[in-house]
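Trainee: Got a structure for you, written out below as structure tokens; questions coming shortly.
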Amino acid sequence: MKIFFALLSVLTFNNLSADSVSLDKLGALSLDFQAIKQVQGFDLKPVPAQVSYLPGAGYQITAPFRPQQIDVLVSAGSEVDKDQRLLRLSGSEVHHFQSQYASQKALYDLAYKRYQNNLSLMQNKQISASQWQEIVTGYHQQNMALAHFRHFYQLLETPVDDDEVFVKAPKAGIYLPPANFDQSDNLYLGQILARDALRLQFSLPTRTALNVTSVKTDLCELTVDQVAHDSDGFFVNIWSEPIKTACQLLPGQHIQAKPHYQKQAYQVPKSSLFDFQGQSQILIKQDNMLTTQVVSVIHGDLDFYYFHAERDLTGLPLLIHSVAAIKGLLLGMGGE
Amino acid sequence: MLNAFVRFALTQRLFISVLLSIALLMGFLAWKNMPIDAFPDISATQVNLIIKAPGMTAEEIEAQITRPIETELLGIPNQAILRSTTKYSITSITLDFTERTDIYWARQQVSERLQNLWGALPEGISGGMAPMSTPLSEMFMFTVENPQLSLQQRKHLLDWQIRPALRTVPGVADVNVLGGQTKTIQFAPDLSRLRQAGISLDQIEASLAMSNLNGAVGRMDVGTESMIIRTEGRMHQLEDVAGLIISNGNSIYRLSDLGQLSSGQLTRYGGVTKDGAETTQGLVVALKDSNTAEVVAAVREKLAQIQATLPEGTNINIFYDRKDLIDTAVGTISSALFQAIFLVAVILALFLGNFRASLVVAASIPISVIFTFYLMRQFGLTANLMSLGGLVIAIGLLVDSAVVVVENTVTALQKDKSLPKLHLIYRATGDIVKPVFAGTLIVIVVFIPLLTLTGLEGKLFTPVALTIVFALLSALLTAITVMPVLASWVITQKRSKPPKYLNKLQQVYQRSLQRTLLAPRWFVAIISLVFIASLVLFTFIGKTFMPVLNEGDIIIQLEKVPTINLQSSLELDKEIEKHLLAEIPEIEQIVARTGSDELGLDPMGLNETDIFLTLKPMNEWRFKDKDKLIDAMRDILLQYPGINFAFTQPIQMRSAEMLTGSSGTVAIKVFGEDTSVLAQLAEQISNQVKAIEGSVDVQMTLIDGGDYISISLQNELAEQFGLSNQQLAKLLRIQVDGEPFSYIIDGKIKTPIYWAYDSDQGERPTSVAELEGLPLLLPDNRLVTLADIATVKRTVGPAIIERENGERFSVVAANVQDRDLVGFVEEIRLKVDQNLTMPEGYFITYGGEFENQLRATRNLLTVIPLVLLLIVIILFSTFGSLMTAGLILANIPFALMGGVLALFISGEYLSVPASVGFIALLGIAILNGVVLLSHLQDTRFRSSELLNGVLVGSGDRLRPILMTATTAVFGLLPLVLATGPGAEIQKPLAIVVIGGLFTSTLITLYLLPLLYYRIESRTTS
């Protein structure tokens, strides 16, 4: 009932003044105090995060043909050196490709020879402009066609067999093969990521994201590198700095990570907080009195609450035991 | 006809002996097989409904569940009162039926109506009718101790090993489990993964429901065999659940891919601590009408069997066994009974001066007692404090018939030795059989008012009255059949002189009587003065219903702030327990129970604790009585400000709750609609009560103080995302409190599967800020936080709603110390009427034990005049004179004054047992009057002088009157002197009778002859 009057006074008079209790009235109640600590930030609850990379960070490998068989020679996500064998392509399409390449090369050589031969004739104006245009067009067409094959061909080790070739890594990095080799003409064979392209990616509510400065995994802490400027409505994507080796994270790995929220706040044990007059309050010892202090809780973790207060509370002795009994006392309870 | 009985007995002595042997054997067997309990069954026919509605507030439950059920139940006939208590997540509805309503019929009626309504009640609720027990059924409690086992493991033992075994014990209604932690399988969905997979929570529920079952196929003939075919899908362990396959149409996932599957524990709504450490408790609830002593013995036997199957080091620590109370209380009364028998036998020997005669009379006591047991058994009475107390009261009365028969026989045998012995015995017995019968009939009639008592007092005192009636009938039968037979064998015709001191006493009496008869002024003045004094003192004697039975154990009820959480509540309990253990060495152990039990039989809040104290034997105490011990505990508890506390005892607490729906001997209920106004009025009444002298343990229902966090869905967004309030509540429940959605069965163990908050993500939300940040997966597969789609705010509302016969009320309960109950209530009424203005539509009722006291007084005052009229008729038919009948009745008020004086001097209150004492006194006074006046009439004309006739007649009757009074006094003396638990109830009765017998005997010996002398003188002249 006392609660009723307490609530009534709040609702009618908006009486937010602090209440006090003399320590002498607390009998045998066990009273433990702890100094209030100010912190510059706190960890949020763990969120799902994935080891990912910024869009466009990968070097993509495509093949101009579809071989009958593709053997991936390195495990997905493993680090590879430049020119290290990645894949073995085999089947008749490989032979066709080599034939095509050889044919194209022959056509190119022919077009090149014709181009070279007619260059002096054109300079001497021995051939007409239209003839020269036809020669140049043919040459560039063959050159372009050959380049299309040659770029891929350069990734191949010198074929030892008409039906089998090895694809080499175009650069050092982490090889990520595709989940499935698709059916398109230009076959995607995976990508090579630079080691520092791997980031931890996670989503947070839009209003929280901007204050997050780092993210913690079990083994390391990574600072936040980028916060997306677009939202899916309620959440935004966040990328960490490049993942450190110490983090021991694998590309694509899903983990729970704790974002660190940068905000000055007071940290108090959970057992110190109570609700009184419709607000969260704590009890601070001042001389021989315990005085209530209204606080605005912004976060809580397993052991602590984090809150704002209107005055500086750093170092003040805070009651962390028997708080519920003191609340009972404030409500007029107690006795037989 | 009565003479025919005597004749038959004397002519068929062998047959009577055989019959007596058989009757004694049957009586003995009846005693051995008689159910033993501390109290008679005082409960009404009661049906209790317990409905659990997870997550619903008291107001919502009241509106959606309590009110509809109450409306449905109000139509059931024979109901006495309908009460309900609604709290967060639970409602308890109790329907009391009128007396003698069959419990099975009552349960069937309630069941039918509940079944009709069940479909219309909100989804997700569970519960129904509570076991068929009474509030006093909690008769055996124990904790499971093993430092090697976790709380969850100990509860697991209790749930799946101990409880099922104990439930097989006949008479056990259920075993309530308190404290500990219940194992669950928890699935914490990873909302991001679910979103990526495009799988909803409903899909998971549906997949599990379809997979987690065994299907029936049928039979198939294989060769000459018929084989049963079934499909197997039932999951048995966590790994089975983890492997559940769920498809989104394109890909398949295992359940473990979509979230965290782990072993967990149910949200706890209560806890148990023992000596400052958490533990788990079992509470055996007995069936209504079961034999407590037998059930307890069987439970103990079963526990001994189970013990061998429990893990090594497990100790079943029994801290409450009703049998202990039964043994102690019944032991106290039984001891008083045997002492009474011994004392009465000694008195008989002293008065009769004839060893053989006193032996015969003394033999009538055990014979009558054994006959009484037989009758008690036949009429379904149990051996308890009340019935055995009745027997002790009857001991002093039941020898009267035998004394009269044997004394007359001795006189007849010594007077005339010429006739055969048997003939003399027949004549001697035949001469007095009619007055003996009439006298016994009068005493029986005197106890009739007790049989008219109703309610609790009727349940308590009907066994007393019935036992006395049975004892008197047994004594009468013994006196007119067995006594003559025994006398014929044992008593000789050898003349024996009466003891000298009796002759001396007779001479002194006759001289003093002569002086009184001739100069009565001083005697009349003194008697009148004493009579007036007793009338004045009567007004100073407090009135109460019953003395409090010392149950041996103490319960301290704690009440903390209503919003306290379990952990903080338990912390405070532990602190207080440790303090009590350190400061009060009389405490053997402390077991405290906080919050609700599993069955919900006693749905206490997290702020409520019952601290159960088991005490060491009294010879190890520093204090002389329990009150002093309680004072020492009170001093400690007063050092814990902010916590309300009250002292009670196990049966006392449940009795009070049964009578008033709340604990406390006085309950003031304010009825009305608005909970805030009710709370305000209760506060004002509470203040008034606290200011009254003698009020202790003043408590009131903390109606207000329910702090809520209200979440309002933003309608536009809800519409846009296709999210309903119901869906939102479910999504939040999953992350806040968890919600069951399936279970696995492994042998006899059934483990629920719960939606839960991912423990990897830390604790569940513990602040509004965290609640606002909770991620939710919407039906359109969108991930949002709660704050994105809803507003969260704090509100207040009632924490508890109590109702009686369909109306809300708040209650102020109090105990009374060092003053009378009725006067206390009268003072409350006066103060409340003077200082409180009730708003329109609000009214107050007063309930509690004092109601029983008032009702008992009202009943007795109605019936006693009728009984007196009946006695007048019996006396008139015996004496044939209204004047004589009037003389005997005129003796009564003077006889009662001794009872009043004794009450006043002893400091006892006028309680129902004291009233019973006055009734017994009434009977003895009338009986003595009859004994004297019948003889005075006989001797009236033997002497020429009236004075001499009166002196001789009175002198003749000195011995029987003194014998009757002394046997009654000494029969009851052990009850007055008894100190053990159980003696408190009958002590006021014994004090009244003993005190009354002094004045009654004096009045019979002096006033009655004086009045007779005066009237006869006037008639003669």
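A note on labels: chains of the structure tokens are A, B, ... as shown, every chain counts residues from 1, and ligands are counted from 1 in their shown order.
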Give me the residues within 6 Å of A:Asn211 as a list in words, counting only C-alpha atoms and dropping any in the same chain fewer than 3 places off.

Mentor: Thr208, Tyr261 and Gln262 of chain A

Trainee: With only C-alpha atoms considered, list every residue of chain A at most 8 Å from chain B, as a PDB file with C-alpha atoms, in the first residue's frame.

Mentor:
ATOM      1  CA  MET A   1       0.000   0.000   0.000  1.00  0.00           C
ATOM      2  CA  LYS A   2       2.867   2.267   0.808  1.00  0.00           C
ATOM      3  CA  ILE A   3       3.864   1.570  -2.730  1.00  0.00           C
ATOM      4  CA  PHE A   4       0.561   2.984  -3.854  1.00  0.00           C
ATOM      5  CA  LYS A  25      18.219   2.430  11.069  1.00  0.00           C
ATOM      6  CA  LEU A  26      19.504  -0.482   9.061  1.00  0.00           C
ATOM      7  CA  GLY A  27      19.994  -2.887  11.950  1.00  0.00           C
ATOM      8  CA  ALA A  28      21.699  -6.120  11.015  1.00  0.00           C
ATOM      9  CA  LEU A  29      21.268  -5.751   7.269  1.00  0.00           C
ATOM     10  CA  SER A  30      24.454  -6.670   5.493  1.00  0.00           C
ATOM     11  CA  LYS A  45      25.580  -8.236 -26.348  1.00  0.00           C
ATOM     12  CA  PRO A  46      27.194 -10.580 -28.868  1.00  0.00           C
ATOM     13  CA  VAL A  47      25.839 -10.353 -32.392  1.00  0.00           C
ATOM     14  CA  PRO A  48      26.213 -12.754 -35.314  1.00  0.00           C
ATOM     15  CA  PRO A 205      20.532  -1.362 -35.382  1.00  0.00           C
ATOM     16  CA  PHE A 234      16.564  -0.983 -39.375  1.00  0.00           C
ATOM     17  CA  PHE A 235      20.072  -2.422 -39.506  1.00  0.00           C
ATOM     18  CA  GLN A 256      29.389 -14.308 -32.256  1.00  0.00           C
ATOM     19  CA  SER A 271      22.597  -5.912  -7.355  1.00  0.00           C
ATOM     20  CA  GLY A 278       8.786   4.598 -11.446  1.00  0.00           C
ATOM     21  CA  VAL A 297      20.205   2.772 -17.636  1.00  0.00           C
ATOM     22  CA  ILE A 298      21.582   2.457 -21.146  1.00  0.00           C
ATOM     23  CA  HIS A 299      22.888  -1.069 -21.058  1.00  0.00           C
ATOM     24  CA  GLY A 300      23.393  -4.145 -18.950  1.00  0.00           C
ATOM     25  CA  ASP A 301      25.627  -7.173 -19.229  1.00  0.00           C
ATOM     26  CA  LEU A 302      26.040 -10.284 -17.130  1.00  0.00           C
ATOM     27  CA  SER A 322      20.408  -5.573   0.829  1.00  0.00           C
ATOM     28  CA  ALA A 324      15.622  -4.630  -1.775  1.00  0.00           C
ATOM     29  CA  ALA A 325      15.294  -4.368   1.995  1.00  0.00           C
ATOM     30  CA  ILE A 326      16.160  -0.646   1.892  1.00  0.00           C
ATOM     31  CA  LYS A 327      13.513  -0.186  -0.759  1.00  0.00           C
ATOM     32  CA  GLY A 328      11.061  -1.890   1.602  1.00  0.00           C
ATOM     33  CA  LEU A 329      12.114   0.581   4.264  1.00  0.00           C
ATOM     34  CA  LEU A 330      11.534   3.492   1.880  1.00  0.00           C
ATOM     35  CA  LEU A 331       8.059   2.088   1.231  1.00  0.00           C
ATOM     36  CA  GLY A 332       7.339   1.950   4.946  1.00  0.00           C
ATOM     37  CA  MET A 333       7.577  -1.810   5.246  1.00  0.00           C
ATOM     38  CA  GLY A 334       9.194  -3.658   8.106  1.00  0.00           C
ATOM     39  CA  GLY A 335       8.303  -4.961  11.508  1.00  0.00           C
ATOM     40  CA  GLU A 336       5.698  -7.370  12.697  1.00  0.00           C
TER      41      GLU A 336
END

Trainee: May I have the residues within 7 Å of A:Val39 as a list in words, using only C-alpha atoms and disregarding those fewer than 6 positions away in the same chain?

Mentor: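 My reading of the contact set: Gln264, Ala265, Tyr266 and Gln267 of chain A.
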
Trainee: Do a neighbour search on B:Leu868 at 10 Å with only C-alpha atoms, toss out local chain neighbours closer than 6 positions, and write the hits as an MDAnalysis selection string.

Mentor: chainID B and resid 442 445:446 874 889 922

Trainee: Export, as a PDB file, in the first residue's frame, the selected residues with N, CA and C atoms.

Mentor:
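What follows is the written file selection.pdb:
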ATOM      1  N   ILE B 442     -28.867 -37.527  32.255  1.00  0.00           N
ATOM      2  CA  ILE B 442     -28.774 -36.070  32.439  1.00  0.00           C
ATOM      3  C   ILE B 442     -27.413 -35.569  31.958  1.00  0.00           C
ATOM      4  N   VAL B 445     -27.330 -35.613  28.277  1.00  0.00           N
ATOM      5  CA  VAL B 445     -28.138 -34.511  27.734  1.00  0.00           C
ATOM      6  C   VAL B 445     -27.375 -33.197  27.829  1.00  0.00           C
ATOM      7  N   VAL B 446     -26.635 -33.052  28.930  1.00  0.00           N
ATOM      8  CA  VAL B 446     -25.871 -31.814  29.116  1.00  0.00           C
ATOM      9  C   VAL B 446     -24.884 -31.593  27.970  1.00  0.00           C
ATOM     10  N   ILE B 874     -36.619 -34.335  32.871  1.00  0.00           N
ATOM     11  CA  ILE B 874     -36.063 -35.583  33.417  1.00  0.00           C
ATOM     12  C   ILE B 874     -36.135 -35.568  34.946  1.00  0.00           C
ATOM     13  N   LEU B 889     -31.757 -26.980  39.852  1.00  0.00           N
ATOM     14  CA  LEU B 889     -31.330 -26.014  38.824  1.00  0.00           C
ATOM     15  C   LEU B 889     -30.798 -24.731  39.464  1.00  0.00           C
ATOM     16  N   LEU B 922     -21.954 -28.184  34.648  1.00  0.00           N
ATOM     17  CA  LEU B 922     -23.425 -28.188  34.725  1.00  0.00           C
ATOM     18  C   LEU B 922     -23.917 -29.602  35.032  1.00  0.00           C
TER      19      LEU B 922
END

Trainee: Any idea what the distance is between atom CA of B:Leu830 and atom CA of B:Val811?

Mentor: 17.8 Å

Trainee: Skip B:Asn33 itself and residues of its chain fewer than 6 positions away, then list as a PyMOL selection string all residues within 10 Å of it, counting only C-alpha atoms.

Mentor: chain B and resi 27+294+377+382-383

Trainee: If we count only C-alpha atoms and set the cut-off at 10 Å, which residues sit around A:Asn143, ignoring sequence neighbours fewer than 6 positions away in its own chain? Please answer as a list in words.

Mentor: Gln104, Lys105, Leu107, Tyr108, Asp109, Ala111, Tyr112, Thr137 and Arg150 of chain A

Trainee: Store the residues picked out above in a file with N, CA and C atoms, as a PDB file, in the first residue's frame.

Mentor:
ATOM      1  N   GLN A 104      43.555 -19.639 -83.270  1.00  0.00           N
ATOM      2  CA  GLN A 104      43.449 -18.187 -83.133  1.00  0.00           C
ATOM      3  C   GLN A 104      44.827 -17.541 -83.243  1.00  0.00           C
ATOM      4  N   LYS A 105      45.789 -18.257 -82.643  1.00  0.00           N
ATOM      5  CA  LYS A 105      47.151 -17.722 -82.680  1.00  0.00           C
ATOM      6  C   LYS A 105      47.641 -17.678 -84.134  1.00  0.00           C
ATOM      7  N   LEU A 107      45.749 -17.517 -86.763  1.00  0.00           N
ATOM      8  CA  LEU A 107      45.001 -16.443 -87.444  1.00  0.00           C
ATOM      9  C   LEU A 107      45.594 -15.090 -87.094  1.00  0.00           C
ATOM     10  N   TYR A 108      45.960 -14.961 -85.823  1.00  0.00           N
ATOM     11  CA  TYR A 108      46.548 -13.699 -85.374  1.00  0.00           C
ATOM     12  C   TYR A 108      47.898 -13.471 -86.054  1.00  0.00           C
ATOM     13  N   ASP A 109      48.693 -14.543 -86.070  1.00  0.00           N
ATOM     14  CA  ASP A 109      50.013 -14.427 -86.689  1.00  0.00           C
ATOM     15  C   ASP A 109      49.864 -13.999 -88.149  1.00  0.00           C
ATOM     16  N   ALA A 111      47.295 -12.437 -89.484  1.00  0.00           N
ATOM     17  CA  ALA A 111      46.797 -11.054 -89.552  1.00  0.00           C
ATOM     18  C   ALA A 111      47.922 -10.080 -89.214  1.00  0.00           C
ATOM     19  N   TYR A 112      48.766 -10.484 -88.273  1.00  0.00           N
ATOM     20  CA  TYR A 112      49.866  -9.617 -87.867  1.00  0.00           C
ATOM     21  C   TYR A 112      50.869  -9.445 -89.001  1.00  0.00           C
ATOM     22  N   THR A 137      41.474  -3.563 -89.363  1.00  0.00           N
ATOM     23  CA  THR A 137      40.316  -4.123 -88.657  1.00  0.00           C
ATOM     24  C   THR A 137      40.512  -5.617 -88.445  1.00  0.00           C
ATOM     25  N   ARG A 150      44.349 -15.610 -74.605  1.00  0.00           N
ATOM     26  CA  ARG A 150      45.701 -15.578 -74.044  1.00  0.00           C
ATOM     27  C   ARG A 150      45.699 -15.251 -72.548  1.00  0.00           C
TER      28      ARG A 150
END

Trainee: Stretch 975-979 of chain B: which residues within 9 Å, counting only C-alpha atoms, same-chain residues fewer than 5 positions away excluded, as a VMD selection string?

Mentor: chain B and resid 332 to 333 335 to 337 340 389 392 to 393 984 986 to 991

Trainee: Could the residues in this selection be written to a file with C-alpha atoms, as a CSV table (one decimal), in the first residue's frame?

Mentor:
chain,number,residue,atom,x,y,z
B,332,THR,CA,0.5,-35.9,26.2
B,333,ILE,CA,-3.2,-36.7,26.2
B,335,SER,CA,-0.3,-39.8,29.5
B,336,ALA,CA,-2.9,-37.6,31.1
B,337,LEU,CA,-5.4,-40.4,30.5
B,340,ALA,CA,-6.2,-39.9,35.5
B,389,GLY,CA,-9.3,-35.1,25.4
B,392,VAL,CA,-9.9,-37.7,29.8
B,393,ILE,CA,-12.8,-35.4,30.7
B,984,GLU,CA,-3.2,-26.4,25.8
B,986,GLN,CA,-8.1,-29.0,27.1
B,987,LYS,CA,-6.4,-27.0,29.9
B,988,PRO,CA,-9.1,-24.3,30.1
B,989,LEU,CA,-11.7,-27.0,30.3
B,990,ALA,CA,-10.0,-28.8,33.1
B,991,ILE,CA,-9.4,-25.5,35.0
